[in-house]
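A.B. asks: Below is the file data-v3.txt, with compact mmCIF, C-alpha atoms.
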# COMPACT_ATOMS: atom_id res chain seq x y z
CA MET A 1 -78.73 -86.64 27.62
CA LYS A 2 -79.16 -87.70 23.98
CA ASN A 3 -82.48 -85.85 23.82
CA THR A 4 -80.82 -82.72 25.22
CA LEU A 5 -78.07 -82.86 22.60
CA PHE A 6 -80.64 -83.42 19.88
CA ILE A 7 -82.64 -80.39 20.97
CA LEU A 8 -79.47 -78.25 21.13
CA SER A 9 -78.49 -79.36 17.63
CA LEU A 10 -81.87 -78.22 16.39
CA LEU A 11 -81.65 -74.93 18.24
CA PHE A 12 -78.02 -74.09 17.28
CA PRO A 13 -78.76 -72.85 13.73
CA SER A 14 -81.61 -70.74 15.08
CA LEU A 15 -79.32 -69.28 17.73
CA LEU A 16 -76.75 -68.34 15.06
CA VAL A 17 -79.45 -66.70 12.94
CA ALA A 18 -80.69 -64.74 15.94
CA GLN A 19 -77.15 -63.63 16.80
CA ALA A 20 -76.48 -62.60 13.20
CA ASP A 21 -79.70 -60.59 13.14
CA ALA A 22 -78.71 -58.90 16.39
CA ILE A 23 -75.25 -57.90 15.16
CA MET A 24 -76.72 -56.60 11.88
CA LYS A 25 -79.07 -54.34 13.82
CA LEU A 26 -76.16 -53.19 15.99
CA LEU A 27 -74.04 -52.44 12.92
CA GLN A 28 -76.85 -50.42 11.40
CA LYS A 29 -77.16 -48.49 14.65
CA LYS A 30 -73.47 -47.91 15.43
CA LEU A 31 -71.91 -47.39 12.02
CA PRO A 32 -72.03 -43.90 10.48
CA ASP A 33 -74.78 -42.84 8.11
CA GLY A 34 -73.99 -43.77 4.54
CA THR A 35 -72.25 -47.01 5.48
CA VAL A 36 -73.20 -49.91 3.22
CA ILE A 37 -73.51 -53.35 4.85
CA GLU A 38 -73.85 -56.57 2.87
CA THR A 39 -74.18 -60.06 4.32
CA ARG A 40 -71.92 -62.92 3.26
CA GLU A 41 -72.00 -66.65 3.75
CA THR A 42 -70.86 -67.59 7.25
CA GLY A 43 -68.11 -70.09 7.99
CA ARG A 44 -65.64 -71.30 10.62
CA HIS A 45 -66.53 -70.25 14.16
CA PHE A 46 -68.21 -67.02 13.09
CA ALA A 47 -71.87 -66.25 13.68
CA GLY A 48 -72.19 -63.68 10.89
CA GLU A 49 -70.05 -62.28 8.09
CA TYR A 50 -70.44 -58.95 6.33
CA THR A 51 -68.89 -56.70 3.73
CA VAL A 52 -68.90 -53.12 4.93
CA TYR A 53 -68.23 -50.02 2.84
CA LEU A 54 -67.19 -47.26 5.23
CA GLU A 55 -66.88 -43.66 4.10
CA GLN A 56 -63.38 -42.28 4.70
CA PRO A 57 -61.85 -38.86 3.94
CA ILE A 58 -59.42 -38.81 1.05
CA ASP A 59 -57.41 -36.41 3.18
CA HIS A 60 -57.92 -36.80 6.93
CA ASN A 61 -56.37 -33.38 7.44
CA ASN A 62 -58.91 -31.73 5.14
CA PRO A 63 -62.23 -33.62 4.89
CA ALA A 64 -63.45 -31.10 2.31
CA THR A 65 -61.18 -32.86 -0.20
CA GLY A 66 -63.83 -35.56 -0.55
CA THR A 67 -64.34 -39.16 0.49
CA PHE A 68 -64.02 -42.72 -0.74
CA GLN A 69 -65.67 -45.97 0.33
CA GLN A 70 -63.24 -48.25 2.14
CA ARG A 71 -64.08 -51.93 1.91
CA ILE A 72 -63.99 -53.94 5.13
CA PHE A 73 -64.71 -57.61 5.68
CA LEU A 74 -66.23 -58.23 9.10
CA SER A 75 -66.53 -61.71 10.60
CA HIS A 76 -68.50 -61.56 13.83
CA TYR A 77 -68.12 -64.15 16.56
CA ASP A 78 -68.93 -62.69 19.96
CA ARG A 79 -68.80 -59.17 21.39
CA LYS A 80 -67.15 -60.62 24.49
CA ALA A 81 -64.30 -62.06 22.41
CA PRO A 82 -61.10 -60.33 21.25
CA THR A 83 -61.12 -58.60 17.87
CA LEU A 84 -58.48 -59.17 15.22
CA ILE A 85 -57.94 -56.24 12.85
CA VAL A 86 -56.12 -57.27 9.69
CA THR A 87 -54.03 -54.47 8.21
CA GLU A 88 -53.89 -55.40 4.56
CA GLY A 89 -51.26 -53.76 2.36
CA TYR A 90 -53.11 -54.21 -0.92
CA GLY A 91 -56.59 -55.08 -2.07
CA ALA A 92 -58.37 -57.50 0.23
CA ARG A 93 -60.63 -60.51 0.03
CA PRO A 94 -62.62 -62.42 2.64
CA ARG A 95 -60.45 -65.14 4.15
CA ASP A 96 -59.78 -66.70 7.51
CA TYR A 97 -56.65 -65.76 9.41
CA GLU A 98 -55.11 -68.29 11.75
CA LEU A 99 -54.93 -65.81 14.61
CA ALA A 100 -58.72 -65.59 14.58
CA ASP A 101 -58.77 -69.33 15.26
CA ILE A 102 -56.02 -69.15 17.90
CA LEU A 103 -57.84 -66.35 19.75
CA ARG A 104 -61.38 -67.45 18.82
CA SER A 105 -61.90 -63.82 17.90
CA ASN A 106 -63.92 -61.53 15.72
CA GLN A 107 -62.10 -60.53 12.56
CA ILE A 108 -62.02 -57.23 10.66
CA ILE A 109 -60.08 -57.13 7.38
CA VAL A 110 -59.37 -53.58 6.19
CA GLU A 111 -58.57 -53.08 2.52
CA TYR A 112 -55.74 -50.61 1.99
CA ARG A 113 -56.79 -47.23 0.66
CA PHE A 114 -56.75 -46.64 -3.10
CA ASN A 115 -56.60 -50.41 -3.78
CA ALA A 116 -59.27 -52.55 -5.49
CA LYS A 117 -62.75 -51.46 -4.31
CA SER A 118 -61.40 -48.86 -1.85
CA THR A 119 -60.63 -46.31 -4.53
CA PRO A 120 -61.99 -42.80 -5.16
CA GLU A 121 -63.16 -41.87 -8.64
CA LYS A 122 -59.87 -40.09 -9.25
CA ILE A 123 -56.67 -40.84 -7.34
CA ASP A 124 -54.55 -37.94 -6.13
CA TRP A 125 -51.34 -39.80 -5.33
CA LYS A 126 -50.16 -37.35 -2.67
CA TYR A 127 -52.82 -38.86 -0.38
CA MET A 128 -51.54 -42.40 -0.88
CA THR A 129 -49.36 -42.30 2.23
CA ASN A 130 -48.84 -44.44 5.28
CA ASP A 131 -49.99 -41.61 7.55
CA GLN A 132 -53.30 -41.31 5.71
CA ALA A 133 -53.73 -45.10 5.81
CA MET A 134 -53.07 -45.13 9.55
CA GLU A 135 -55.83 -42.57 9.98
CA ASP A 136 -58.11 -44.92 8.04
CA LEU A 137 -57.28 -47.73 10.47
CA HIS A 138 -57.71 -45.45 13.47
CA GLN A 139 -61.19 -44.47 12.27
CA VAL A 140 -62.10 -48.14 11.78
CA ARG A 141 -60.83 -48.88 15.29
CA LYS A 142 -62.85 -46.05 16.83
CA ILE A 143 -66.05 -46.92 14.99
CA PHE A 144 -65.97 -50.68 15.54
CA GLY A 145 -64.65 -50.15 19.06
CA LYS A 146 -68.16 -49.01 19.95
CA ILE A 147 -69.27 -52.59 19.30
CA TYR A 148 -66.21 -54.65 20.24
CA LYS A 149 -64.92 -53.44 23.57
CA LYS A 150 -62.58 -56.28 24.54
CA SER A 151 -58.92 -56.64 23.57
CA TRP A 152 -57.78 -55.83 20.04
CA VAL A 153 -54.97 -57.44 18.07
CA SER A 154 -53.58 -56.18 14.76
CA THR A 155 -51.92 -58.41 12.21
CA GLY A 156 -50.76 -58.32 8.62
CA ILE A 157 -48.71 -60.27 6.11
CA SER A 158 -45.89 -58.91 3.94
CA LYS A 159 -46.75 -55.25 3.15
CA GLY A 160 -49.66 -55.77 5.53
CA GLY A 161 -47.13 -56.88 8.17
CA THR A 162 -45.24 -53.64 7.63
CA THR A 163 -48.56 -51.80 7.95
CA ALA A 164 -49.23 -53.53 11.29
CA LEU A 165 -45.90 -52.25 12.62
CA ILE A 166 -46.48 -48.72 11.32
CA TYR A 167 -49.98 -48.70 12.82
CA LYS A 168 -48.63 -49.83 16.19
CA SER A 169 -46.05 -47.04 16.12
CA LYS A 170 -48.58 -44.41 15.09
CA TYR A 171 -51.45 -45.45 17.39
CA PRO A 172 -49.93 -47.69 20.08
CA ASP A 173 -53.08 -47.66 22.21
CA ASP A 174 -55.40 -48.79 19.41
CA VAL A 175 -54.37 -52.42 19.81
CA ASP A 176 -53.12 -54.49 22.72
CA VAL A 177 -50.89 -56.72 20.59
CA ALA A 178 -49.46 -56.55 17.06
CA VAL A 179 -48.40 -59.61 15.05
CA SER A 180 -46.35 -58.97 11.91
CA TYR A 181 -45.81 -61.80 9.47
CA VAL A 182 -42.81 -61.39 7.15
CA GLY A 183 -43.15 -57.60 7.35
CA PRO A 184 -40.02 -55.84 6.04
CA LEU A 185 -38.69 -52.43 7.04
CA PRO A 186 -36.28 -51.43 4.25
CA VAL A 187 -33.73 -48.67 4.78
CA ALA A 188 -33.69 -47.38 1.19
CA ARG A 189 -35.82 -47.30 -1.94
CA GLU A 190 -33.62 -50.09 -3.25
CA ASP A 191 -32.38 -51.91 -0.17
CA LEU A 192 -29.20 -53.70 -1.26
CA ARG A 193 -29.31 -55.98 1.77
CA ILE A 194 -31.92 -57.98 -0.13
CA ASP A 195 -29.48 -58.66 -2.96
CA GLU A 196 -26.87 -59.75 -0.44
CA LEU A 197 -29.23 -62.18 1.25
CA ILE A 198 -30.29 -63.67 -2.09
CA LEU A 199 -26.69 -64.26 -3.11
CA ASP A 200 -25.86 -65.79 0.27
CA LYS A 201 -28.89 -68.10 0.29
CA LEU A 202 -28.34 -69.20 -3.30
CA LYS A 203 -24.94 -70.54 -2.28
CA GLU A 204 -26.78 -73.01 -0.04
CA GLN A 205 -28.99 -74.24 -2.90
CA PRO A 206 -27.80 -77.29 -4.86
CA CYS A 207 -29.59 -75.95 -7.96
CA ALA A 208 -27.91 -72.51 -7.96
CA ALA A 209 -25.90 -73.36 -11.10
CA SER A 210 -29.03 -74.62 -12.87
CA LEU A 211 -30.92 -71.43 -12.02
CA ASP A 212 -28.08 -69.41 -13.50
CA LYS A 213 -28.19 -71.55 -16.65
CA VAL A 214 -31.94 -71.02 -16.95
CA GLN A 215 -31.49 -67.26 -16.73
CA ARG A 216 -28.69 -67.17 -19.26
CA PHE A 217 -30.48 -69.51 -21.65
CA ALA A 218 -33.61 -67.35 -21.66
CA LEU A 219 -31.69 -64.12 -22.21
CA SER A 220 -29.55 -65.69 -24.93
CA ASN A 221 -32.65 -66.85 -26.78
CA ASP A 222 -34.79 -63.74 -26.50
CA GLU A 223 -35.57 -63.85 -30.22
CA ILE A 224 -37.47 -67.10 -29.47
CA PHE A 225 -38.88 -66.26 -26.04
CA VAL A 226 -40.30 -62.80 -26.83
CA PRO A 227 -42.64 -64.09 -29.59
CA MET A 228 -43.74 -66.80 -27.17
CA ILE A 229 -44.73 -64.11 -24.66
CA ASP A 230 -46.54 -62.26 -27.46
CA SER A 231 -48.53 -65.41 -28.20
CA LEU A 232 -49.27 -65.89 -24.50
CA ALA A 233 -50.54 -62.31 -24.27
CA LYS A 234 -52.85 -62.83 -27.23
CA ALA A 235 -54.20 -66.10 -25.86
CA ASP A 236 -54.78 -64.67 -22.38
CA GLN A 237 -56.06 -61.32 -23.71
CA ILE A 238 -53.57 -59.26 -21.75
CA THR A 239 -51.68 -56.21 -22.94
CA PHE A 240 -48.13 -54.95 -22.54
CA ASP A 241 -47.85 -51.17 -22.61
CA ARG A 242 -45.35 -49.46 -20.36
CA VAL A 243 -43.40 -52.75 -20.24
CA THR A 244 -42.82 -54.36 -23.62
CA THR A 245 -42.75 -58.14 -23.94
CA ALA A 246 -38.99 -57.93 -24.52
CA GLN A 247 -38.62 -56.03 -21.26
CA ALA A 248 -41.01 -58.43 -19.51
CA LEU A 249 -38.68 -61.29 -20.41
CA GLU A 250 -35.69 -59.52 -18.88
CA TYR A 251 -37.60 -58.50 -15.76
CA ALA A 252 -38.88 -62.05 -15.26
CA VAL A 253 -35.42 -63.52 -15.69
CA LEU A 254 -33.91 -61.11 -13.16
CA GLU A 255 -36.81 -61.74 -10.78
CA LEU A 256 -36.35 -65.51 -10.89
CA THR A 257 -33.95 -65.98 -7.99
CA PHE A 258 -35.97 -63.62 -5.78
CA SER A 259 -39.15 -65.58 -6.50
CA PHE A 260 -37.38 -68.90 -6.04
CA LEU A 261 -36.39 -68.01 -2.47
CA GLN A 262 -39.41 -65.91 -1.55
CA LEU A 263 -41.95 -68.56 -2.49
CA GLY A 264 -39.88 -71.56 -1.44
CA TYR A 265 -39.68 -73.37 -4.77
CA SER A 266 -37.97 -76.75 -4.85
CA CYS A 267 -34.67 -77.42 -6.59
CA ASP A 268 -36.30 -80.55 -7.99
CA GLU A 269 -38.39 -78.36 -10.28
CA VAL A 270 -35.50 -76.38 -11.77
CA PRO A 271 -34.64 -77.53 -15.31
CA THR A 272 -31.23 -79.09 -15.73
CA GLU A 273 -31.51 -79.55 -19.49
CA MET A 274 -32.00 -76.33 -21.42
CA HIS A 275 -34.96 -76.70 -23.78
CA VAL A 276 -37.05 -73.76 -24.96
CA ASP A 277 -40.46 -75.00 -23.81
CA THR A 278 -39.13 -76.31 -20.50
CA VAL A 279 -37.34 -73.09 -19.58
CA PHE A 280 -40.18 -70.88 -20.81
CA ASN A 281 -42.77 -72.75 -18.75
CA TYR A 282 -40.55 -72.80 -15.68
CA ILE A 283 -40.10 -69.02 -15.71
CA LYS A 284 -43.79 -68.51 -16.54
CA ASN A 285 -44.84 -70.61 -13.53
CA ALA A 286 -42.19 -69.37 -11.09
CA VAL A 287 -42.47 -65.64 -11.86
CA GLY A 288 -45.25 -65.11 -14.38
CA PHE A 289 -44.83 -63.00 -17.50
CA ASP A 290 -48.33 -61.64 -16.93
CA PHE A 291 -47.02 -59.88 -13.82
CA TYR A 292 -45.64 -57.25 -16.22
CA SER A 293 -48.87 -56.81 -18.16
CA GLU A 294 -50.72 -53.52 -18.04
CA GLU A 295 -53.63 -55.16 -16.22
CA THR A 296 -51.43 -56.37 -13.34
CA ILE A 297 -49.36 -53.20 -13.16
CA ALA A 298 -52.50 -51.06 -12.96
CA GLY A 299 -53.69 -53.03 -9.94
CA LEU A 300 -50.33 -52.75 -8.19
CA GLU A 301 -49.69 -49.05 -8.88
CA PRO A 302 -50.79 -47.94 -5.39
CA ALA A 303 -48.38 -50.34 -3.71
CA PHE A 304 -45.49 -49.45 -5.99
CA TYR A 305 -46.13 -45.76 -5.39
CA GLN A 306 -45.57 -46.42 -1.69
CA PHE A 307 -42.60 -48.70 -2.30
CA MET A 308 -40.95 -45.91 -4.27
CA THR A 309 -41.83 -43.07 -1.86
CA GLU A 310 -41.95 -44.47 1.70
CA ASN A 311 -41.74 -48.23 2.12
CA GLY A 312 -38.72 -49.15 0.05
CA TYR A 313 -38.24 -52.19 -2.15
CA TYR A 314 -35.46 -54.02 -3.94
CA SER A 315 -33.61 -53.71 -7.22
CA PHE A 316 -32.55 -56.54 -9.50
CA ILE A 317 -29.29 -58.48 -9.45
CA HIS A 318 -28.28 -57.69 -13.00
CA GLU A 319 -24.49 -57.39 -13.00
CA PRO A 320 -23.80 -61.05 -13.92
CA PHE A 321 -26.01 -60.70 -17.02
CA GLU A 322 -25.07 -57.25 -18.32
CA GLY A 323 -23.80 -58.63 -21.61
CA LEU A 324 -27.15 -60.32 -22.20
CA LEU A 325 -29.44 -57.42 -21.25
CA ASP A 326 -30.37 -54.90 -23.92
CA ASP A 327 -34.01 -53.90 -23.36
CA LEU A 328 -34.20 -52.53 -19.81
CA GLU A 329 -33.38 -48.88 -19.21
CA SER A 330 -32.97 -49.31 -15.45
CA TYR A 331 -32.89 -52.12 -12.93
CA ASP A 332 -35.30 -50.86 -10.30
CA ASN A 333 -39.09 -51.02 -9.99
CA SER A 334 -39.96 -47.36 -10.59
CA ILE A 335 -41.55 -48.23 -13.94
CA PHE A 336 -44.37 -49.98 -12.06
CA ALA A 337 -45.31 -46.83 -10.12
CA PRO A 338 -47.75 -44.23 -11.48
CA ARG A 339 -46.32 -42.17 -14.30
CA GLY A 340 -45.85 -38.43 -14.15
CA VAL A 341 -45.83 -38.10 -10.36
CA ASN A 342 -43.13 -37.22 -7.84
CA LEU A 343 -41.44 -40.38 -6.54
CA GLU A 344 -39.03 -38.78 -4.09
CA PHE A 345 -38.21 -41.31 -1.38
CA ASP A 346 -38.63 -40.39 2.29
CA LYS A 347 -35.71 -42.27 3.86
CA ASP A 348 -36.72 -41.16 7.36
CA TYR A 349 -40.28 -42.54 7.44
CA LEU A 350 -39.55 -46.18 8.29
CA GLN A 351 -36.58 -45.09 10.39
CA ARG A 352 -39.04 -43.42 12.74
CA VAL A 353 -40.98 -46.69 12.91
CA ARG A 354 -37.79 -48.62 13.69
CA ASN A 355 -36.93 -46.09 16.41
CA TYR A 356 -40.34 -46.63 18.02
CA LEU A 357 -40.01 -50.40 17.86
CA HIS A 358 -36.57 -50.20 19.43
CA THR A 359 -37.52 -47.94 22.32
CA GLU A 360 -41.22 -48.65 22.93
CA GLY A 361 -42.23 -51.66 20.85
CA ASP A 362 -43.70 -53.99 23.46
CA LYS A 363 -46.32 -56.72 22.95
CA ILE A 364 -45.33 -57.28 19.33
CA ILE A 365 -44.69 -60.64 17.63
CA TYR A 366 -42.41 -60.75 14.59
CA ILE A 367 -42.45 -63.84 12.35
CA GLN A 368 -39.80 -64.25 9.64
CA GLY A 369 -38.66 -66.97 7.24
CA GLY A 370 -34.90 -67.41 7.09
CA ASN A 371 -34.79 -67.88 3.29
CA ASP A 372 -37.23 -65.07 2.53
CA PRO A 373 -35.34 -62.25 0.76
CA TRP A 374 -37.46 -59.77 2.73
CA ALA A 375 -35.86 -61.13 5.91
CA ALA A 376 -32.88 -58.95 4.99
CA CYS A 377 -35.11 -56.03 6.10
CA ARG A 378 -36.35 -57.66 9.29
CA PHE A 379 -36.48 -55.88 12.62
CA VAL A 380 -35.15 -57.82 15.59
CA PRO A 381 -36.34 -56.28 18.87
CA PRO A 382 -33.76 -55.64 21.58
CA THR A 383 -33.86 -57.89 24.65
CA GLU A 384 -35.29 -55.15 26.84
CA ARG A 385 -38.49 -55.10 24.81
CA ASP A 386 -41.38 -57.36 25.86
CA ALA A 387 -41.65 -58.76 22.35
CA VAL A 388 -41.27 -62.08 20.56
CA TYR A 389 -39.08 -62.61 17.51
CA ILE A 390 -39.47 -65.88 15.63
CA GLU A 391 -37.35 -66.84 12.63
CA LYS A 392 -37.56 -70.28 11.07
CA ASP A 393 -34.47 -71.44 9.22
CA GLY A 394 -35.10 -72.30 5.59
CA ALA A 395 -38.66 -70.93 5.61
CA ASN A 396 -39.97 -68.50 3.02
CA HIS A 397 -42.46 -65.65 2.62
CA ARG A 398 -45.38 -68.05 3.06
CA LEU A 399 -44.45 -68.80 6.66
CA ARG A 400 -47.34 -68.88 9.12
CA ILE A 401 -47.69 -69.95 12.76
CA LYS A 402 -49.06 -73.34 11.67
CA SER A 403 -45.74 -74.01 9.90
CA LEU A 404 -43.52 -73.19 12.87
CA ASP A 405 -41.76 -75.69 15.07
CA GLN A 406 -43.75 -76.67 18.15
CA ASN A 407 -41.50 -74.78 20.57
CA GLN A 408 -41.91 -71.64 18.44
CA LYS A 409 -45.70 -72.05 18.44
CA GLU A 410 -45.67 -72.45 22.21
CA GLU A 411 -43.66 -69.25 22.60
CA ILE A 412 -46.29 -67.36 20.61
CA TYR A 413 -49.20 -68.97 22.46
CA GLU A 414 -47.62 -68.14 25.82
CA ALA A 415 -47.05 -64.49 24.88
CA LEU A 416 -50.58 -64.03 23.53
CA GLY A 417 -52.12 -65.59 26.62
CA ARG A 418 -49.96 -63.52 28.94
CA TRP A 419 -50.54 -60.23 27.18
CA LEU A 420 -54.23 -60.61 26.41
CA LYS A 421 -55.36 -62.63 29.44
CA VAL A 422 -57.54 -64.81 27.19
CA LYS A 423 -57.82 -68.50 26.48
CA ILE A 424 -55.63 -69.66 23.61
CA TYR A 425 -56.79 -72.31 21.15
CA PRO A 426 -53.69 -74.01 19.72
CA LEU A 427 -53.86 -74.79 16.02
CA ALA A 428 -54.67 -78.39 15.16
CA GLU A 429 -51.73 -80.39 13.87
CA ASP A 430 -51.80 -81.20 10.16
Represent the supplied structure as structure tokens.
C.D. replies:
Amino acid sequence: MKNTLFILSLLFPSLLVAQADAIMKLLQKKLPDGTVIETRETGRHFAGEYTVYLEQPIDHNNPATGTFQQRIFLSHYDRKAPTLIVTEGYGARPRDYELADILRSNQIIVEYRFNAKSTPEKIDWKYMTNDQAMEDLHQVRKIFGKIYKKSWVSTGISKGGTTALIYKSKYPDDVDVAVSYVGPLPVAREDLRIDELILDKLKEQPCAASLDKVQRFALSNDEIFVPMIDSLAKADQITFDRVTTAQALEYAVLELTFSFLQLGYSCDEVPTEMHVDTVFNYIKNAVGFDFYSEETIAGLEPAFYQFMTENGYYSFIHEPFEGLLDDLESYDNSIFAPRGVNLEFDKDYLQRVRNYLHTEGDKIIYIQGGNDPWAACRFVPPTERDAVYIEKDGANHRLRIKSLDQNQKEEIYEALGRWLKVKIYPLAED
């Protein structure tokens, strides 16, 4: 027996290499001409990992408009296994998603159009729409479906979670199951329900008064804090253009309570004594003044274009500080969207998605954190839908299945096993 195990241990790397070579040849055969395939280092349970640049139309309704290369991260396990398609909402990077472990699946991460490396030479913003992005995903599904013919599961986090729900509503037969993590469905460009949730949840926080003091202290000492941001910008070699450093201070201060709840910061870290360096560093670490730099804004323009035109977002709770605010012209996020383009909001787009989820949204798992401000925009499926809704009290935007209570995990495992008819591999306990 020991000799057999020893021989298998020697053969296993060779088997993985052979399998990786086989899938590379299959990719080269099945993917369209012009597709670029690069190998990456392999990890976890995967036999081969690749970066794929797939040619997509800028306008799926008029291919003559031109194309762009959409970046995809493929992690191959087994053609007989399920395939997890990750519907990113922004730029993407290679990483392991817990559902790939739970399902022991292949994994395909699709970078959202016009983000990071998936960008044409010149962006025409009218093609940065959910419908165009869903056509991108549908093309990926059709092309890779020639290789992976078993069950498909879509998943996404945050804006990617919203994308997973939109994709399911647009192409319900593309995937067998959709899993949306903390994916909001706002009802307006500035959904005031988010403000209401923040105010309600802050009442439960023992440090609410200290947070308010931090905000007021920073705004009352802007003549000290703004030069500190200027020095930070010089040291970090970042620039402030459309947002001045004075405006960045006010944005960061107004953003503080949102970030505190969204990211689950501890009250123990909130300053109780108001000192310049202490308060400055707390806001810098909790929100980040560099978020308002031109470099960061440029990278987030595609997302903010969609927030302002289709997806909706939030405004800032500014009323309690009006006497201390003198640099911001408005209290929404439109300044972070591309300049000089139409930002008319389509209030009906996500309503159509909600209607689908209400009447036909079966085999969908929704995961929400109770303290996450985005939970104000959650969708709770009606009881007649064959869907699972999980909300963990006190949890934030970082909530994942591994962080759920055991009974909540079991509910998800049971639904996945029942819907997909596959073996489930429960996550190891921390």
A.B. asks: Can you build me a table of segment 172-240 of chain A residues sitting at most 10 Å from segment 254-278 of chain A, with the closest atom pair per residue and its distance in Å to one decimal, using all atoms listed in the file, sorted by chain and residue number, as a Markdown table?
C.D. replies:
| residue | atom | partner | partner_atom | distance |
| --- | --- | --- | --- | --- |
| A:Ile194 | CA | A:Phe258 | CA | 9.0 |
| A:Asp195 | CA | A:Phe258 | CA | 8.6 |
| A:Leu197 | CA | A:Phe258 | CA | 9.8 |
| A:Ile198 | CA | A:Phe258 | CA | 6.8 |
| A:Leu199 | CA | A:Thr257 | CA | 8.9 |
| A:Lys201 | CA | A:Leu261 | CA | 8.0 |
| A:Leu202 | CA | A:Thr257 | CA | 8.0 |
| A:Gln205 | CA | A:Cys267 | CA | 7.5 |
| A:Pro206 | CA | A:Cys267 | CA | 7.1 |
| A:Cys207 | CA | A:Cys267 | CA | 5.5 |
| A:Ala208 | CA | A:Cys267 | CA | 8.5 |
| A:Ala209 | CA | A:Thr272 | CA | 9.1 |
| A:Ser210 | CA | A:Thr272 | CA | 5.7 |
| A:Leu211 | CA | A:Val270 | CA | 6.7 |
| A:Asp212 | CA | A:Thr257 | CA | 8.8 |
| A:Lys213 | CA | A:Met274 | CA | 7.8 |
| A:Val214 | CA | A:Met274 | CA | 6.9 |
| A:Gln215 | CA | A:Leu254 | CA | 7.5 |
| A:Arg216 | CA | A:Met274 | CA | 10.0 |
| A:Phe217 | CA | A:Met274 | CA | 7.0 |
| A:Ala218 | CA | A:Val276 | CA | 8.0 |
| A:Leu219 | CA | A:Leu254 | CA | 9.8 |
| A:Asn221 | CA | A:Val276 | CA | 8.4 |
| A:Ile224 | CA | A:Val276 | CA | 8.1 |
| A:Phe225 | CA | A:Val276 | CA | 7.8 |
| A:Met228 | CA | A:Asp277 | CA | 9.4 |
A.B. asks: Would you put the residues from that selection into a file with C-alpha atoms, as a tab-separated table (two decimals), in the frame of the given file?
C.D. replies:
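Generated output (result_21.tsv):
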chain	number	residue	atom	x	y	z
A	194	ILE	CA	-31.92	-57.98	-0.13
A	195	ASP	CA	-29.48	-58.66	-2.96
A	197	LEU	CA	-29.23	-62.18	1.25
A	198	ILE	CA	-30.29	-63.67	-2.09
A	199	LEU	CA	-26.69	-64.26	-3.11
A	201	LYS	CA	-28.89	-68.10	0.29
A	202	LEU	CA	-28.34	-69.20	-3.30
A	205	GLN	CA	-28.99	-74.24	-2.90
A	206	PRO	CA	-27.80	-77.29	-4.86
A	207	CYS	CA	-29.59	-75.95	-7.96
A	208	ALA	CA	-27.91	-72.51	-7.96
A	209	ALA	CA	-25.90	-73.36	-11.10
A	210	SER	CA	-29.03	-74.62	-12.87
A	211	LEU	CA	-30.92	-71.43	-12.02
A	212	ASP	CA	-28.08	-69.41	-13.50
A	213	LYS	CA	-28.19	-71.55	-16.65
A	214	VAL	CA	-31.94	-71.02	-16.95
A	215	GLN	CA	-31.49	-67.26	-16.73
A	216	ARG	CA	-28.69	-67.17	-19.26
A	217	PHE	CA	-30.48	-69.51	-21.65
A	218	ALA	CA	-33.61	-67.35	-21.66
A	219	LEU	CA	-31.69	-64.12	-22.21
A	221	ASN	CA	-32.65	-66.85	-26.78
A	224	ILE	CA	-37.47	-67.10	-29.47
A	225	PHE	CA	-38.88	-66.26	-26.04
A	228	MET	CA	-43.74	-66.80	-27.17
A.B. asks: Taking into account only C-alpha atoms, which residue in the set A:Ser75, A:Arg193, A:Ile147, A:Lys80 is nearest to Lys30 of chain A?
C.D. replies: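 Using only C-alpha atoms, Lys30 of chain A sits closest to A:Ile147.
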A.B. asks: Please produce, as JSON lines, a per-residue contact table for segment 8-88 of chain A versus segment 125-141 of chain A (criterion: any atom at most 8 Å away, only C-alpha atoms considered), showing the nearest atom pair and its distance in Å to one decimal, sorted by chain then residue number.
C.D. replies:
{"residue": "A:Gln56", "atom": "CA", "partner": "A:Asp136", "partner_atom": "CA", "distance": 6.8}
{"residue": "A:Ile58", "atom": "CA", "partner": "A:Tyr127", "partner_atom": "CA", "distance": 6.8}
{"residue": "A:Asp59", "atom": "CA", "partner": "A:Tyr127", "partner_atom": "CA", "distance": 6.3}
{"residue": "A:His60", "atom": "CA", "partner": "A:Gln132", "partner_atom": "CA", "distance": 6.6}
{"residue": "A:Thr87", "atom": "CA", "partner": "A:Leu137", "partner_atom": "CA", "distance": 7.8}
A.B. asks: Generate a file of the selected residues that holds C-alpha atoms, formatted as a PDB file, keeping the file's coordinate frame.
C.D. replies:
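Result went into selection_32.pdb, see below:
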ATOM      1  CA  GLN A  56     -63.380 -42.280   4.700  1.00  0.00           C
ATOM      2  CA  ILE A  58     -59.420 -38.810   1.050  1.00  0.00           C
ATOM      3  CA  ASP A  59     -57.410 -36.410   3.180  1.00  0.00           C
ATOM      4  CA  HIS A  60     -57.920 -36.800   6.930  1.00  0.00           C
ATOM      5  CA  THR A  87     -54.030 -54.470   8.210  1.00  0.00           C
TER       6      THR A  87
END
A.B. asks: Between A:Lys117, A:Lys146, A:His45, A:His318, which has the minimum distance to Asp96 of chain A (counting all atoms listed in the file)?
C.D. replies: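 Closest residue, counting all atoms listed in the file: A:His45.
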A.B. asks: Which one of A:Arg242, A:Asp327, A:Gly160, A:Phe114 sits closest to Val226 of chain A if you count all atoms listed in the file?
C.D. replies: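 That would be A:Asp327, the residue with the smallest distance to Val226 of chain A.
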A.B. asks: What does the distance from atom CA of Ile102 of chain A to atom CA of Val353 of chain A come to in Å, to one decimal?
C.D. replies: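 Answer for the atom CA of Ile102 of chain A to atom CA of Val353 of chain A separation: 27.5 Å.
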A.B. asks: Using Å and a single decimal, report how far atom CA of Thr296 of chain A sits from atom CA of Asp241 of chain A.
C.D. replies: 11.2 Å
